[in-house]
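Okay, my_file.cif now, which holds mmCIF, C-alpha atoms and all ligand atoms:
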```
data_structure
loop_
_atom_site.label_atom_id
_atom_site.label_comp_id
_atom_site.auth_asym_id
_atom_site.auth_seq_id
_atom_site.Cartn_x
_atom_site.Cartn_y
_atom_site.Cartn_z
CA MET T 1 -25.15 -47.26 4.85
CA ASP T 2 -25.72 -50.10 2.40
CA ILE T 3 -28.77 -49.21 0.37
CA ASP T 4 -30.95 -51.68 -1.50
CA PHE T 5 -32.13 -50.37 -4.90
CA ALA T 6 -35.56 -52.01 -4.95
CA ASN T 7 -36.04 -53.13 -1.33
CA LEU T 8 -37.81 -56.34 -2.35
CA GLN T 9 -36.90 -58.00 0.94
CA ARG T 10 -38.44 -55.20 2.97
CA GLN T 11 -41.55 -55.40 0.82
CA TYR T 12 -41.86 -59.13 1.45
CA GLN T 13 -41.48 -58.63 5.20
CA GLU T 14 -44.34 -56.10 5.13
CA TYR T 15 -46.74 -58.38 3.27
CA LYS T 16 -45.38 -61.70 4.51
CA ASP T 17 -48.53 -63.01 6.20
CA ASP T 18 -50.77 -62.32 3.19
CA ILE T 19 -48.28 -63.68 0.70
CA ASN T 20 -47.47 -66.82 2.67
CA PHE T 21 -51.16 -67.49 3.24
CA ARG T 22 -51.98 -67.18 -0.45
CA ILE T 23 -49.06 -69.31 -1.59
CA GLN T 24 -49.94 -71.97 0.98
CA LYS T 25 -53.48 -72.05 -0.38
CA VAL T 26 -52.19 -72.75 -3.89
CA LEU T 27 -49.98 -75.52 -2.52
CA ASN T 28 -52.93 -77.03 -0.67
CA ASN T 29 -54.99 -77.08 -3.88
CA SER T 30 -52.06 -78.03 -6.14
CA ASN T 31 -53.70 -76.32 -9.06
CA TYR T 32 -50.52 -74.82 -10.44
CA ILE T 33 -51.54 -74.01 -14.00
CA LEU T 34 -54.48 -71.66 -14.63
CA GLY T 35 -55.83 -72.15 -11.13
CA SER T 36 -58.64 -69.94 -9.88
CA GLU T 37 -56.13 -67.33 -8.63
CA VAL T 38 -55.18 -66.55 -12.23
CA TYR T 39 -58.76 -65.62 -13.07
CA ASP T 40 -59.20 -63.76 -9.77
CA LEU T 41 -56.11 -61.77 -10.63
CA GLU T 42 -57.39 -60.93 -14.11
CA LYS T 43 -60.63 -59.67 -12.60
CA ALA T 44 -58.66 -57.52 -10.14
CA LEU T 45 -56.43 -56.18 -12.93
CA GLY T 46 -59.46 -55.26 -15.00
CA ASP T 47 -61.05 -53.48 -12.04
CA PHE T 48 -57.87 -51.58 -11.27
CA THR T 49 -57.11 -50.43 -14.81
CA GLY T 50 -60.58 -49.91 -16.21
CA ALA T 51 -59.65 -52.00 -19.24
CA LYS T 52 -62.48 -54.27 -20.32
CA TYR T 53 -60.24 -57.31 -20.74
CA ALA T 54 -57.13 -58.26 -18.81
CA LEU T 55 -55.14 -61.40 -19.54
CA SER T 56 -52.14 -62.48 -17.50
CA CYS T 57 -49.18 -64.13 -19.16
CA SER T 58 -45.68 -65.43 -18.60
CA SER T 59 -43.70 -62.16 -18.83
CA GLY T 60 -43.69 -58.62 -20.12
CA THR T 61 -41.73 -59.82 -23.12
CA ASP T 62 -44.31 -62.50 -23.91
CA SER T 63 -47.12 -59.99 -23.48
CA LEU T 64 -45.51 -57.93 -26.25
CA LEU T 65 -45.16 -61.00 -28.43
CA LEU T 66 -48.78 -62.06 -27.79
CA SER T 67 -50.04 -58.56 -28.58
CA MET T 68 -48.15 -58.49 -31.86
CA LEU T 69 -49.41 -61.96 -32.77
CA SER T 70 -52.94 -60.81 -32.04
CA ILE T 71 -52.74 -57.92 -34.55
CA ASP T 72 -51.33 -60.41 -37.03
CA LEU T 73 -47.94 -58.76 -37.44
CA LYS T 74 -46.32 -60.30 -40.52
CA PRO T 75 -42.74 -60.63 -41.77
CA GLY T 76 -41.72 -57.39 -43.45
CA ASP T 77 -44.22 -55.23 -41.57
CA GLU T 78 -42.71 -52.15 -39.98
CA VAL T 79 -43.32 -51.13 -36.39
CA ILE T 80 -42.38 -47.71 -35.09
CA THR T 81 -40.90 -47.58 -31.62
CA SER T 82 -38.35 -45.89 -29.38
CA PRO T 83 -34.64 -46.67 -29.53
CA PHE T 84 -34.38 -45.78 -25.83
CA THR T 85 -36.00 -48.74 -24.11
CA PHE T 86 -35.32 -52.24 -22.90
CA ILE T 87 -34.55 -54.70 -25.71
CA SER T 88 -37.85 -56.60 -25.30
CA THR T 89 -39.84 -53.91 -27.09
CA ALA T 90 -37.93 -54.29 -30.34
CA GLU T 91 -37.04 -57.94 -29.80
CA ALA T 92 -40.66 -59.03 -29.99
CA ILE T 93 -41.03 -57.17 -33.31
CA SER T 94 -37.92 -58.83 -34.71
CA ARG T 95 -38.93 -62.28 -33.38
CA LEU T 96 -41.88 -62.11 -35.76
CA ASN T 97 -39.55 -61.08 -38.60
CA ALA T 98 -41.10 -57.66 -38.69
CA LYS T 99 -38.87 -54.60 -38.69
CA PRO T 100 -38.42 -52.11 -35.85
CA VAL T 101 -38.24 -48.54 -37.14
CA PHE T 102 -36.84 -46.25 -34.50
CA VAL T 103 -37.89 -42.66 -33.85
CA ASP T 104 -35.90 -40.40 -31.54
CA ILE T 105 -37.07 -39.44 -28.05
CA GLU T 106 -38.00 -36.20 -26.32
CA LYS T 107 -35.18 -34.83 -24.22
CA ASP T 108 -37.26 -34.09 -21.14
CA THR T 109 -39.54 -37.16 -20.88
CA PHE T 110 -37.28 -39.81 -22.52
CA ASN T 111 -40.35 -41.00 -24.45
CA ILE T 112 -40.80 -41.26 -28.22
CA ASP T 113 -41.09 -37.83 -29.85
CA SER T 114 -44.58 -37.82 -31.36
CA ASN T 115 -43.61 -34.94 -33.70
CA LYS T 116 -41.14 -37.22 -35.44
CA ILE T 117 -43.41 -40.24 -35.94
CA GLU T 118 -45.22 -39.21 -39.10
CA SER T 119 -42.07 -38.92 -41.19
CA ALA T 120 -41.15 -42.52 -40.28
CA ILE T 121 -44.42 -43.97 -41.59
CA THR T 122 -44.28 -45.94 -44.86
CA SER T 123 -46.74 -48.16 -46.71
CA LYS T 124 -45.36 -51.08 -44.66
CA THR T 125 -45.99 -49.52 -41.26
CA LYS T 126 -48.41 -51.61 -39.26
CA ALA T 127 -48.16 -50.38 -35.68
CA ILE T 128 -46.66 -47.92 -33.25
CA ILE T 129 -45.32 -49.12 -29.90
CA PRO T 130 -44.83 -46.20 -27.53
CA VAL T 131 -43.01 -47.12 -24.33
CA SER T 132 -44.03 -45.50 -21.04
CA LEU T 133 -40.42 -45.14 -19.99
CA PHE T 134 -39.57 -44.92 -16.29
CA GLY T 135 -43.31 -44.98 -15.53
CA GLN T 136 -44.69 -42.06 -17.55
CA PRO T 137 -47.01 -42.63 -20.53
CA ALA T 138 -45.85 -41.29 -23.88
CA ASP T 139 -47.80 -38.62 -25.75
CA LEU T 140 -50.74 -40.89 -26.57
CA ASN T 141 -52.98 -37.89 -27.29
CA VAL T 142 -51.01 -37.26 -30.47
CA ILE T 143 -49.91 -40.83 -31.16
CA GLU T 144 -53.51 -42.10 -31.29
CA LEU T 145 -54.44 -39.32 -33.76
CA ILE T 146 -51.56 -40.31 -36.02
CA ALA T 147 -52.49 -43.99 -35.72
CA ASN T 148 -56.09 -43.25 -36.70
CA LYS T 149 -55.01 -41.13 -39.65
CA TYR T 150 -52.79 -43.89 -41.08
CA ASN T 151 -54.82 -46.84 -39.83
CA LEU T 152 -52.10 -48.17 -37.55
CA LYS T 153 -52.41 -50.18 -34.35
CA VAL T 154 -51.05 -48.84 -31.09
CA ILE T 155 -49.56 -51.23 -28.52
CA VAL T 156 -48.51 -49.46 -25.34
CA ASP T 157 -45.41 -50.95 -23.73
CA GLY T 158 -46.38 -50.21 -20.16
CA ALA T 159 -43.91 -52.69 -18.64
CA GLN T 160 -42.67 -49.93 -16.32
CA SER T 161 -45.83 -47.94 -15.86
CA PHE T 162 -48.55 -50.01 -14.23
CA GLY T 163 -50.74 -47.55 -12.31
CA SER T 164 -49.77 -44.45 -14.29
CA THR T 165 -52.34 -42.27 -16.09
CA LEU T 166 -52.88 -39.94 -19.03
CA ASN T 167 -55.89 -37.64 -18.72
CA LYS T 168 -56.89 -39.77 -15.71
CA ILE T 169 -57.06 -42.94 -17.83
CA THR T 170 -54.68 -45.70 -16.77
CA ASP T 171 -51.81 -46.50 -19.04
CA SER T 172 -53.21 -50.03 -19.35
CA ASN T 173 -56.39 -48.65 -20.87
CA LEU T 174 -54.68 -46.75 -23.71
CA GLY T 175 -53.95 -47.87 -27.26
CA ASP T 176 -55.49 -50.86 -29.02
CA LEU T 177 -53.58 -53.06 -26.62
CA SER T 178 -51.46 -52.24 -23.61
CA ILE T 179 -49.04 -54.53 -21.79
CA THR T 180 -47.30 -54.62 -18.49
CA SER T 181 -44.63 -56.65 -16.72
CA PHE T 182 -44.68 -58.15 -13.25
CA PHE T 183 -40.91 -58.65 -13.14
CA PRO T 184 -40.06 -58.34 -9.41
CA ALA T 185 -38.58 -54.83 -9.56
CA LYS T 186 -41.35 -53.30 -11.70
CA PRO T 187 -43.92 -51.15 -9.88
CA LEU T 188 -46.25 -54.12 -9.44
CA GLY T 189 -43.95 -57.12 -9.30
CA CYS T 190 -44.48 -60.81 -8.65
CA TYR T 191 -41.70 -63.07 -7.37
CA GLY T 192 -40.63 -64.45 -10.70
CA ASP T 193 -41.63 -63.70 -14.28
CA GLY T 194 -45.08 -62.46 -15.20
CA GLY T 195 -46.96 -60.01 -17.36
CA ALA T 196 -50.37 -58.93 -18.58
CA ILE T 197 -52.16 -57.67 -21.67
CA PHE T 198 -55.06 -55.24 -21.61
CA THR T 199 -57.55 -54.41 -24.33
CA ASN T 200 -61.10 -53.24 -24.88
CA ASN T 201 -61.34 -55.29 -28.07
CA VAL T 202 -63.09 -58.64 -27.66
CA ASP T 203 -61.46 -60.12 -30.76
CA TYR T 204 -57.94 -59.49 -29.46
CA PHE T 205 -58.99 -60.81 -26.09
CA GLU T 206 -60.37 -64.06 -27.49
CA LYS T 207 -57.36 -64.53 -29.72
CA ILE T 208 -54.76 -63.90 -27.02
CA LYS T 209 -56.58 -66.25 -24.66
CA MET T 210 -55.92 -68.97 -27.24
CA LEU T 211 -52.44 -67.78 -28.24
CA ARG T 212 -51.11 -68.00 -24.68
CA VAL T 213 -52.04 -71.71 -24.55
CA HIS T 214 -50.49 -72.78 -27.86
CA GLY T 215 -53.27 -71.31 -29.94
CA GLN T 216 -55.77 -73.88 -28.76
CA ASN T 217 -59.52 -73.27 -28.77
CA GLN T 218 -60.25 -76.63 -27.20
CA LYS T 219 -57.91 -79.13 -25.64
CA TYR T 220 -55.56 -80.42 -28.39
CA ARG T 221 -57.31 -78.35 -31.06
CA HIS T 222 -55.04 -75.58 -32.30
CA LYS T 223 -56.53 -72.68 -34.21
CA TYR T 224 -53.35 -70.55 -34.19
CA ILE T 225 -49.61 -71.04 -33.83
CA GLY T 226 -49.26 -69.75 -30.29
CA ILE T 227 -46.81 -69.93 -27.43
CA GLY T 228 -46.64 -71.40 -23.92
CA GLY T 229 -47.36 -68.09 -22.29
CA ARG T 230 -49.39 -68.57 -19.10
CA LEU T 231 -48.80 -66.93 -15.75
CA ASP T 232 -48.50 -69.64 -13.12
CA THR T 233 -50.93 -69.83 -10.23
CA ILE T 234 -48.35 -69.15 -7.50
CA GLN T 235 -47.29 -65.91 -9.15
CA ALA T 236 -50.94 -64.92 -9.53
CA SER T 237 -51.48 -65.56 -5.82
CA ILE T 238 -48.53 -63.32 -4.90
CA LEU T 239 -49.94 -60.51 -7.07
CA LEU T 240 -53.37 -60.96 -5.48
CA ALA T 241 -51.75 -60.51 -2.08
CA LYS T 242 -49.94 -57.37 -3.24
CA ILE T 243 -52.67 -55.54 -5.20
CA PRO T 244 -54.53 -54.23 -2.13
CA PHE T 245 -51.35 -52.34 -1.15
CA PHE T 246 -50.53 -51.07 -4.60
CA ASP T 247 -52.29 -47.70 -4.46
CA GLN T 248 -50.40 -46.88 -1.30
CA GLU T 249 -47.14 -48.00 -2.91
CA LEU T 250 -47.76 -45.56 -5.76
CA VAL T 251 -48.28 -42.78 -3.22
CA GLU T 252 -45.03 -43.69 -1.46
CA ARG T 253 -43.08 -43.80 -4.70
CA SER T 254 -44.33 -40.41 -5.80
CA TYR T 255 -43.48 -39.06 -2.36
CA VAL T 256 -39.87 -40.22 -2.81
CA ALA T 257 -39.81 -38.65 -6.28
CA GLU T 258 -41.10 -35.38 -4.89
CA ILE T 259 -38.38 -35.22 -2.25
CA TYR T 260 -35.70 -36.01 -4.82
CA SER T 261 -37.01 -33.32 -7.17
CA LYS T 262 -37.29 -30.64 -4.49
CA SER T 263 -33.80 -31.39 -3.22
CA LEU T 264 -31.96 -31.91 -6.50
CA TYR T 265 -33.42 -29.53 -9.08
CA LYS T 266 -30.76 -26.88 -8.48
CA TYR T 267 -27.96 -29.34 -9.11
CA PHE T 268 -29.14 -31.82 -11.71
CA SER T 269 -31.57 -32.14 -14.57
CA ILE T 270 -34.56 -33.84 -12.93
CA PRO T 271 -37.37 -35.86 -14.54
CA VAL T 272 -40.26 -33.95 -16.11
CA ILE T 273 -43.81 -35.30 -15.84
CA SER T 274 -46.32 -33.70 -18.23
CA SER T 275 -49.24 -32.02 -16.49
CA ASP T 276 -51.80 -34.37 -18.11
CA ARG T 277 -49.98 -37.47 -16.80
CA THR T 278 -48.97 -39.29 -13.66
CA SER T 279 -45.99 -41.58 -13.35
CA SER T 280 -45.75 -44.88 -11.52
CA TRP T 281 -42.13 -43.88 -10.84
CA ALA T 282 -40.61 -47.17 -11.89
CA GLN T 283 -37.38 -45.17 -12.02
CA TYR T 284 -36.28 -41.77 -10.84
CA THR T 285 -33.76 -40.74 -13.45
CA ILE T 286 -31.58 -37.66 -13.39
CA ARG T 287 -29.22 -36.46 -16.11
CA THR T 288 -25.68 -35.30 -15.61
CA GLU T 289 -22.65 -34.95 -17.89
CA ASN T 290 -20.59 -36.32 -15.04
CA ARG T 291 -22.60 -39.52 -14.84
CA ASP T 292 -19.95 -42.24 -14.64
CA HIS T 293 -17.92 -40.41 -12.00
CA ILE T 294 -20.98 -39.75 -9.83
CA LYS T 295 -22.15 -43.34 -10.16
CA GLN T 296 -18.76 -44.61 -8.94
CA LYS T 297 -18.61 -42.16 -6.01
CA LEU T 298 -22.14 -43.08 -4.91
CA LYS T 299 -21.24 -46.75 -5.07
CA GLU T 300 -18.36 -46.13 -2.68
CA LYS T 301 -20.92 -44.65 -0.26
CA GLY T 302 -23.13 -47.73 -0.47
CA ILE T 303 -25.64 -46.09 -2.84
CA PRO T 304 -26.53 -48.28 -5.81
CA THR T 305 -27.64 -46.58 -9.03
CA ALA T 306 -28.53 -47.92 -12.46
CA ILE T 307 -28.10 -46.86 -16.06
CA TYR T 308 -31.22 -47.40 -18.14
CA TYR T 309 -29.98 -47.67 -20.87
CA PRO T 310 -26.28 -47.47 -21.68
CA THR T 311 -26.66 -48.34 -25.38
CA PRO T 312 -29.67 -47.31 -27.45
CA LEU T 313 -31.22 -50.12 -29.45
CA HIS T 314 -30.25 -48.80 -32.89
CA LEU T 315 -26.58 -49.21 -31.91
CA GLN T 316 -26.91 -52.75 -30.54
CA GLU T 317 -24.92 -55.45 -32.29
CA CYS T 318 -28.05 -57.54 -32.86
CA TYR T 319 -29.43 -54.68 -34.98
CA LYS T 320 -26.40 -54.05 -37.14
CA ASP T 321 -28.32 -55.34 -40.16
CA LEU T 322 -30.73 -52.42 -39.80
CA ARG T 323 -27.76 -50.20 -40.70
CA TYR T 324 -28.35 -47.44 -38.22
CA LYS T 325 -25.32 -45.39 -37.23
CA ILE T 326 -24.12 -43.06 -34.49
CA GLY T 327 -25.87 -39.73 -34.89
CA ASP T 328 -29.16 -41.14 -36.18
CA PHE T 329 -30.98 -40.50 -32.88
CA PRO T 330 -29.03 -37.81 -31.05
CA GLU T 331 -31.42 -37.45 -28.10
CA ALA T 332 -31.41 -41.18 -27.35
CA GLU T 333 -27.64 -41.28 -27.72
CA LEU T 334 -27.10 -38.32 -25.41
CA ALA T 335 -29.54 -39.72 -22.86
CA SER T 336 -27.64 -43.02 -22.81
CA LYS T 337 -24.52 -41.09 -21.77
CA GLU T 338 -26.18 -38.91 -19.14
CA VAL T 339 -28.93 -40.87 -17.38
CA LEU T 340 -28.59 -42.12 -13.84
CA SER T 341 -31.46 -43.83 -12.03
CA LEU T 342 -31.55 -43.44 -8.25
CA PRO T 343 -33.01 -45.93 -5.77
CA ILE T 344 -36.78 -45.56 -5.61
CA ASN T 345 -39.37 -47.82 -4.02
CA ALA T 346 -42.23 -47.69 -1.54
CA PHE T 347 -40.13 -48.78 1.42
CA MET T 348 -37.47 -46.11 1.77
CA ARG T 349 -36.85 -44.55 5.16
CA ASN T 350 -33.82 -42.48 6.10
CA GLU T 351 -32.06 -43.57 2.91
CA ILE T 352 -33.53 -40.69 0.94
CA GLU T 353 -31.79 -38.00 2.96
CA TYR T 354 -28.49 -39.88 2.80
CA ILE T 355 -28.72 -40.25 -1.00
CA VAL T 356 -29.67 -36.62 -1.51
CA SER T 357 -26.87 -35.22 0.65
CA ASN T 358 -24.27 -37.40 -1.04
CA LEU T 359 -25.53 -36.37 -4.47
CA ILE T 360 -25.42 -32.69 -3.65
CA ASP T 361 -21.83 -33.10 -2.44
CA LEU T 362 -20.95 -34.50 -5.86
CA ALA T 363 -22.79 -31.92 -7.93
C1 LIG T 401 -39.05 -54.93 -18.21
C2 LIG T 401 -39.46 -54.47 -19.56
C3 LIG T 401 -39.97 -55.35 -20.53
C4 LIG T 401 -39.96 -56.84 -20.36
O1 LIG T 401 -40.59 -57.33 -19.26
P1 LIG T 401 -40.20 -58.79 -18.70
O2 LIG T 401 -41.30 -59.11 -17.77
O3 LIG T 401 -38.87 -58.64 -18.03
O4 LIG T 401 -40.14 -59.72 -19.84
C5 LIG T 401 -40.42 -54.82 -21.72
N1 LIG T 401 -40.37 -53.51 -21.97
C6 LIG T 401 -39.86 -52.64 -21.07
C7 LIG T 401 -39.87 -51.19 -21.41
C8 LIG T 401 -39.38 -53.09 -19.85
O5 LIG T 401 -38.87 -52.22 -18.98
#
```

As structure tokens:
Amino acid sequence: MDIDFANLQRQYQEYKDDINFRIQKVLNNSNYILGSEVYDLEKALGDFTGAKYALSCSSGTDSLLLSMLSIDLKPGDEVITSPFTFISTAEAISRLNAKPVFVDIEKDTFNIDSNKIESAITSKTKAIIPVSLFGQPADLNVIELIANKYNLKVIVDGAQSFGSTLNKITDSNLGDLSITSFFPAKPLGCYGDGGAIFTNNVDYFEKIKMLRVHGQNQKYRHKYIGIGGRLDTIQASILLAKIPFFDQELVERSYVAEIYSKSLYKYFSIPVISSDRTSSWAQYTIRTENRDHIKQKLKEKGIPTAIYYPTPLHLQECYKDLRYKIGDFPEAELASKEVLSLPINAFMRNEIEYIVSNLIDLA
């Protein structure tokens, strides 16, 4: 068997008629920048998430940057985040010459350990950016209390978690701002780069609407230094075609996760989802001390796996000036050596059984 990790081709085949129809409509109108599909999409995203305002933009990375610009993050400000995430989270902080301050993760959820946040707060701390890693929201119950106590902003990096919930509220409707990514392999993906920002705050909404078009409030009038950060109309049309199927995709993904968990819990450390949360299952990630060997053996059987993430951010070369060292965040460091993400998507058929039986053989 030759298994596809994300099954994007199978997904396209399923939705082909809707997607082709929508793209063709954009081509017929030739309204490629901020066409009506972009606004239709934002309406649909608002309806789905319950967030009052939804703004699409050019990528998950740019949605982080736009969020940080909207809270007026300044050089020298400190932002608390997880060292066990994709680089974008910290990169956007550093791009604004602010300073990422890392806090170790929880062993079982891979998310920032809310018990360790308070001791990292200084007079320069401006915001906390919890990441909903692998699709599960972080402990926002506690994080929002801490943020209120110290008057900090919370920006949820929900790049992997569109559709997940905490206390039945969508991940996109948590924090002062919440972002997501429509990178093709994310739970709700477009067919290129894309992202969105969610907020219930009208001031952030108005500001980001300007920031994503070069800070302009009218044509060629620039109130802020912004970025070129729009989602293009074709990508919006693809997302509009896919949204009606998204709830069912979430069901399918959690079904795959359930089978993995039931089959593998005796042999591997399986992902833990807190009882007050649901995951969008962007990744299904097990832990094993024998990770590299198992990864290689699975590959030989045609089973692709992924390591998110092999090097925690505090040990990245680009952050050597922050002077972190090995041992600073033991949970993140251990996770980086043990994690192995298995294929998960809404279009798996007999692959699941094949993956499970091969994994058990290697346990
Ligand atoms: C994918 C991802 C991003 C960036 O999203 P892009 O759309 O690829 O720019 C940011 N944060 C996390 C946690 C991600 O997984």

Min atom-atom distance to ligand LIG 401 (chain T) from the set T:Glu249, T:Asp193, T:Asp72, T:Glu118, counting all atoms listed in the file, belongs to T:Asp193

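Here atom O2 of ligand LIG 401 (chain T) and atom CA of Ile243 of chain T stand 17.3 Å from one another.
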
Interatomic distance, atom CA of Tyr308 of chain T to atom CA of Glu333 of chain T (Å, one decimal) = 11.9 Å

Closest of T:Phe198, T:Tyr191, T:Phe183, T:Phe347 to ligand LIG 401 (chain T) - atom-to-atom distances counting only C-alpha atoms and all ligand atoms | T:Phe183

If we count all atoms listed in the file, what is near Asp171 of chain T at a cut-off of 10 Å, once residues fewer than 6 positions away on the same chain are taken out, given as a VMD selection string?
-> chain T and resid 49 to 51 132 135 to 138 140 156 to 158 161 to 165 178 to 180 198 277 to 280

Taking all atoms of ligand LIG 401 (chain T) that the file lists, what box with edges along x, y and z, padded by 4 Å per side, do you get, with centre and edge lengths in Å to one decimal, as JSON?
```
{"center_x": -40.1, "center_y": -55.5, "center_z": -19.9, "size_x": 10.4, "size_y": 16.5, "size_z": 12.2}
```

Go ahead and find all residues with at least one atom no further than 12 Å from (-52.0, -47.2, -37.4) in the file's coordinates, using only C-alpha atoms; report them as a VMD selection string.
-> chain T and resid 71 77 to 80 117 to 118 121 to 129 143 to 155 175 to 176

Work out how far apart atom CA of Ala335 of chain T and atom CA of Ala120 of chain T are and give it in Å to one decimal.
-> 21.1 Å

Shell of 10 Å around segment 353-358 of chain T, all atoms listed in the file, local chain residues under 3 positions omitted, as JSON, numbers by chain = {"T": [1, 3, 259, 260, 261, 263, 264, 294, 297, 298, 301, 302, 303, 304, 342, 343, 348, 349, 350, 361, 362, 363]}

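Counting only C-alpha atoms and comparing T:Leu64, T:His222, T:Leu359, T:Pro184, the residue that lies closest to Gln9 of chain T is T:Pro184.
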
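Nearest to Ser30 of chain T of all the residues T:Lys337, T:Gln316, T:Thr233, T:Arg323 is T:Thr233, counting all atoms listed in the file.
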
Shell around Met210 of chain T at 12 Å using only C-alpha atoms, local window under 3 positions removed, as a PyMOL selection string | chain T and resi 55+57+66+69-70+203-207+213-230

Which one is closest to Glu37 of chain T: T:Ala241, T:Met68, T:Leu188, T:Ala92? Count only C-alpha atoms.
-> T:Ala241

Expected selection as a short mmCIF file (atom, residue, chain, number, x, y, z; two decimals) with C-alpha atoms, keeping the file's coordinate frame for ligand LIG 401 (chain T) within 6 Å, all atoms listed in the file:
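So the final result, stored in out-v8.cif, reads:
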```
data_model
loop_
_atom_site.label_atom_id
_atom_site.label_comp_id
_atom_site.auth_asym_id
_atom_site.auth_seq_id
_atom_site.Cartn_x
_atom_site.Cartn_y
_atom_site.Cartn_z
CA SER T 59 -43.70 -62.16 -18.83
CA GLY T 60 -43.69 -58.62 -20.12
CA THR T 61 -41.73 -59.82 -23.12
CA THR T 85 -36.00 -48.74 -24.11
CA PHE T 86 -35.32 -52.24 -22.90
CA SER T 88 -37.85 -56.60 -25.30
CA THR T 89 -39.84 -53.91 -27.09
CA VAL T 131 -43.01 -47.12 -24.33
CA ASP T 157 -45.41 -50.95 -23.73
CA ALA T 159 -43.91 -52.69 -18.64
CA GLN T 160 -42.67 -49.93 -16.32
CA SER T 181 -44.63 -56.65 -16.72
CA PHE T 182 -44.68 -58.15 -13.25
CA PHE T 183 -40.91 -58.65 -13.14
CA ASP T 193 -41.63 -63.70 -14.28
CA GLY T 194 -45.08 -62.46 -15.20
CA GLY T 195 -46.96 -60.01 -17.36
#
```

Could you check which of T:Lys186, T:Val256, T:Tyr32, T:Tyr12 is closest to Glu351 of chain T, using all atoms listed in the file?
-> T:Val256

Point (-53.2, -69.4, -2.2), cut-off 12 Å, counting all atoms listed in the file, residues as a PyMOL selection string = chain T and resi 17-32+35-38+40-41+232-241

Can you tell me, as a list of chain:residue names, what residues are no more than 9 Å from Leu322 of chain T when counting only C-alpha atoms, ignoring any on the same chain fewer than 2 positions away?
-> T:Lys99, T:Pro100, T:Val101, T:His314, T:Tyr319, T:Lys320, T:Tyr324

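By only C-alpha atoms, and with residues fewer than 2 positions from Arg287 of chain T along its chain excluded, the set lying at most 9 Å from it is Phe268, Ser269, Ile270, Pro271, Thr285, Glu289, Asn290, Arg291, Ala335, Lys337, Glu338, Val339, Leu340 and Ser341 of chain T.
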
Pop segment 95-109 of chain T out of the structure in the block and write N, CA and C atoms as a tab-separated table (two decimals), in the first residue's frame.
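Contents of the output file result.tsv:
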```
chain	number	residue	atom	x	y	z
T	95	ARG	N	9.33	39.41	14.03
T	95	ARG	CA	9.24	40.32	12.88
T	95	ARG	C	8.90	41.74	13.31
T	96	LEU	N	8.19	41.86	14.43
T	96	LEU	CA	7.83	43.19	14.92
T	96	LEU	C	8.83	43.67	15.97
T	97	ASN	N	9.98	42.98	16.03
T	97	ASN	CA	11.02	43.31	17.00
T	97	ASN	C	10.56	43.24	18.45
T	98	ALA	N	9.52	42.46	18.66
T	98	ALA	CA	9.15	42.12	20.03
T	98	ALA	C	9.87	40.81	20.36
T	99	LYS	N	9.73	40.37	21.63
T	99	LYS	CA	10.54	39.24	22.06
T	99	LYS	C	9.66	38.06	22.48
T	100	PRO	N	9.84	36.90	21.82
T	100	PRO	CA	9.12	35.72	22.29
T	100	PRO	C	9.72	35.23	23.60
T	101	VAL	N	8.86	34.95	24.55
T	101	VAL	CA	9.29	34.38	25.84
T	101	VAL	C	8.60	33.03	25.93
T	102	PHE	N	9.41	31.97	25.93
T	102	PHE	CA	8.83	30.64	25.87
T	102	PHE	C	8.50	30.09	27.26
T	103	VAL	N	7.42	29.31	27.29
T	103	VAL	CA	7.00	28.62	28.51
T	103	VAL	C	6.77	27.17	28.13
T	104	ASP	N	7.25	26.26	28.96
T	104	ASP	CA	7.20	24.83	28.60
T	104	ASP	C	5.76	24.33	28.44
T	105	ILE	N	5.66	23.15	27.84
T	105	ILE	CA	4.34	22.57	27.52
T	105	ILE	C	3.93	21.50	28.53
T	106	GLU	N	2.66	21.13	28.47
T	106	GLU	CA	2.15	19.99	29.24
T	106	GLU	C	2.53	18.72	28.49
T	107	LYS	N	2.90	17.70	29.25
T	107	LYS	CA	3.32	16.45	28.60
T	107	LYS	C	2.18	15.81	27.81
T	108	ASP	N	0.98	15.84	28.37
T	108	ASP	CA	-0.08	15.03	27.74
T	108	ASP	C	-0.83	15.74	26.61
T	109	THR	N	-0.90	17.07	26.62
T	109	THR	CA	-1.64	17.76	25.54
T	109	THR	C	-0.72	18.46	24.54
```
